[in-house]
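Structure, as C-alpha cells:
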Amino acid sequence: MKALLERPVLVLNRYWQPVHTCSVRRSLHLLCNGQAQVVQVEGDEKFQAHDLISWIRHSDGHPGGDRVRSARIGLLPPRVVVLTLYDRLPRLEVRFSRRNVFLRDQFTCQYCAKVLPETQLNLDHVTPRDKGGRTTWENIVTSCFRCNTRKANKLPHEVGMHPRSKPFAPRWRPLFGLHADGAEDESWRHFIAANPAGARLSA
C-alpha cells in the first residue's frame, strides 16, 4: 500500500497544462478537499474529470487492478489530476538549486562517473570562483567528495579533469524532480506533448 501511495501523479492546472507531479497520497488529499478532480485516462469516457463521488462510482464500476482501500471503499489510484482553482502558468526556468543540479546530472559524478547517494555528492565549479567562475547552471557540475578534493580550485586542463557532459540549464518537464525510479506513466504523454515545442517551464 505504501508503494502505491507514493506513485507519481501528473498535476494539471485548471487550463489542463502540466505544472508538476505529486504522489497518489497527495492527489487523493486534493480530491477529498475538492481542490482537484481525477482525469479518466482510458475507456469510452477518456478525459472526463471526476470529483470524489464520481471517482468512487467509477472505481466501483471497474473491478480489478490496484486499489487504495479504506474500511468502506476501494479507489483506483489517480494517474492524472486537474486542479480546480490553480490557474498559474508554469514559469520559464528550472530553479537553480543543489538538488536540481544533482537531478540534472542523475546523481552521477561528472568526473569519475560514479552514481552515488545525495549525501556523498557535492557541487563543483568547473571554472573556480577565484578564477572568475560563476555559480550558474553552465559552470556547476555534480562531483563526489574525492574528485572535488582532487580538482580543488584548478581549471580542468590544469588537472586533466573535464566534466563528462557539458553543464547546461535543463529544460523543465513534469518529470523533472522525480527520483530515477519514478517511472513516467504512458497516460501522461498526451498532456506532456501538448506543451508548445521548445517551451521552457519551471520545476
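Chains: A, B, ... in order of the C-alpha cells. Residues: from 1 per chain. Ligands: from 1, in order shown.
Proximity to Val126 of chain A at 8 Å, evaluated using only C-alpha atoms and with sequence-adjacent residues fewer than 6 positions away removed, yields Gly133, Asn139, Ile140, Val141, Leu155, Pro156 and Pro163 of chain A.
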Keeping C-alpha atoms, export the residues of the selection given above as a compact mmCIF listing (two decimals), in the first residue's frame.
```txt
# COMPACT_ATOMS: atom_id res chain seq x y z
CA GLY A 133 33.83 31.20 -12.44
CA ASN A 139 29.55 26.28 -14.63
CA ILE A 140 28.36 23.87 -11.92
CA VAL A 141 28.52 20.07 -12.06
CA LEU A 155 40.98 24.64 -14.12
CA PRO A 156 40.03 21.38 -15.89
CA PRO A 163 33.20 17.02 -17.00
```
Test item, strand (DSSP E or B) assignment across segment 47-158 of chain A, answer as a compact mmCIF listing (two decimals) with C-alpha atoms, in the first residue's frame:
```txt
# COMPACT_ATOMS: atom_id res chain seq x y z
CA ALA A 49 -12.93 14.80 -14.93
CA HIS A 50 -14.27 13.13 -11.77
CA VAL A 68 -6.30 2.43 -2.34
CA ARG A 69 -8.58 0.91 0.29
CA GLY A 74 -11.50 0.95 -2.72
CA LEU A 75 -10.39 3.72 -5.07
CA VAL A 80 -3.62 12.46 -13.75
CA VAL A 81 -5.44 15.13 -11.75
CA VAL A 82 -6.58 18.61 -12.72
CA LEU A 83 -6.62 21.39 -10.12
CA THR A 108 26.44 10.98 -11.16
CA VAL A 115 26.41 7.14 -9.22
CA LEU A 121 27.85 14.29 -3.60
CA ASN A 122 28.97 17.88 -3.84
CA LEU A 123 28.86 20.74 -6.33
CA ASP A 124 31.95 21.74 -8.29
CA HIS A 125 32.69 24.98 -10.12
CA ILE A 140 28.36 23.87 -11.92
CA VAL A 141 28.52 20.07 -12.06
CA THR A 142 27.92 17.21 -9.65
CA SER A 143 31.07 15.66 -8.17
CA CYS A 144 31.91 13.13 -5.49
```
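Shortest separation to Val24 of chain A among A:Arg72, A:Arg171, A:Arg67, A:Arg79 occurs at residue A:Arg79, atoms counted being only C-alpha atoms.
On the backbone of this structure, DSSP gives alpha helix (DSSP H) within segment 29-86 of chain A to His29, Leu30, Leu31, Cys32, Leu52, Ile53, Ser54, Trp55, Ile56, Arg57, His58, Ser59 and Asp60 of chain A.
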Deliver the residues from the most recent selection as a file, using N, CA and C atoms, as a short mmCIF file (atom, residue, chain, number, x, y, z; two decimals), in the first residue's frame.
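Output file result_32.cif is given in full below:
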```
data_model
loop_
_atom_site.label_atom_id
_atom_site.label_comp_id
_atom_site.auth_asym_id
_atom_site.auth_seq_id
_atom_site.Cartn_x
_atom_site.Cartn_y
_atom_site.Cartn_z
N HIS A 29 -5.72 13.46 -1.33
CA HIS A 29 -6.00 14.54 -0.37
C HIS A 29 -6.63 15.73 -1.10
N LEU A 30 -6.07 16.09 -2.26
CA LEU A 30 -6.63 17.19 -3.05
C LEU A 30 -8.03 16.86 -3.54
N LEU A 31 -8.24 15.61 -3.94
CA LEU A 31 -9.55 15.17 -4.40
C LEU A 31 -10.59 15.27 -3.29
N CYS A 32 -10.24 14.77 -2.11
CA CYS A 32 -11.18 14.79 -0.98
C CYS A 32 -11.52 16.20 -0.54
N LEU A 52 -14.89 13.54 -6.19
CA LEU A 52 -14.74 12.38 -5.31
C LEU A 52 -15.87 11.36 -5.49
N ILE A 53 -17.11 11.81 -5.46
CA ILE A 53 -18.24 10.89 -5.57
C ILE A 53 -18.21 10.17 -6.92
N SER A 54 -17.94 10.94 -7.97
CA SER A 54 -17.89 10.35 -9.30
C SER A 54 -16.75 9.34 -9.43
N TRP A 55 -15.61 9.63 -8.78
CA TRP A 55 -14.46 8.71 -8.85
C TRP A 55 -14.72 7.42 -8.06
N ILE A 56 -15.46 7.55 -6.96
CA ILE A 56 -15.86 6.35 -6.21
C ILE A 56 -16.73 5.46 -7.09
N ARG A 57 -17.70 6.07 -7.79
CA ARG A 57 -18.58 5.30 -8.66
C ARG A 57 -17.79 4.66 -9.81
N HIS A 58 -16.89 5.44 -10.39
CA HIS A 58 -16.07 4.92 -11.48
C HIS A 58 -15.23 3.74 -11.00
N SER A 59 -14.63 3.87 -9.83
CA SER A 59 -13.80 2.79 -9.27
C SER A 59 -14.64 1.55 -9.00
N ASP A 60 -15.86 1.74 -8.48
CA ASP A 60 -16.75 0.61 -8.20
C ASP A 60 -17.13 -0.12 -9.49
#
```
Quiz prompt | Distance in Å - atom CA of Glu93 of chain A versus atom CA of Ile192 of chain A | solution = 16.6 Å
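Residue nearest Asp66 of chain A, chosen from A:Met161, A:Ala169, A:Leu10, A:Leu5 and counting only C-alpha atoms: A:Leu5.
Using only C-alpha atoms for every distance, the candidate list A:Ala71, A:Leu85, A:Val38, A:Leu76 yields A:Leu76 as the residue closest to Leu4 of chain A.
Computed from the coordinates, the atom CA of Pro170 of chain A to atom CA of Val11 of chain A distance equals 20.2 Å.
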Exercise. Please provide as a PyMOL selection string all residues within 12 Å of His190 of chain A, with the sequence filter that same-chain residues fewer than 6 positions apart are discarded (counting only C-alpha atoms).
Key: chain A and resi 10+12+16-18+41-42+46-47+80
Emit the selected residues as a tab-separated table (two decimals), in the first residue's frame, including C-alpha atoms.
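The resulting file, out-v9.tsv, is shown below:
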```
chain	number	residue	atom	x	y	z
A	10	LEU	CA	0.69	14.21	-13.14
A	12	LEU	CA	-2.55	19.87	-14.44
A	16	TRP	CA	-5.15	21.40	-18.34
A	17	GLN	CA	-1.48	22.34	-18.66
A	18	PRO	CA	1.07	20.20	-16.76
A	41	VAL	CA	-7.26	8.32	-18.89
A	42	GLU	CA	-8.86	5.31	-20.57
A	46	LYS	CA	-11.49	9.21	-21.61
A	47	PHE	CA	-10.55	12.71	-20.35
A	80	VAL	CA	-3.62	12.46	-13.75
```
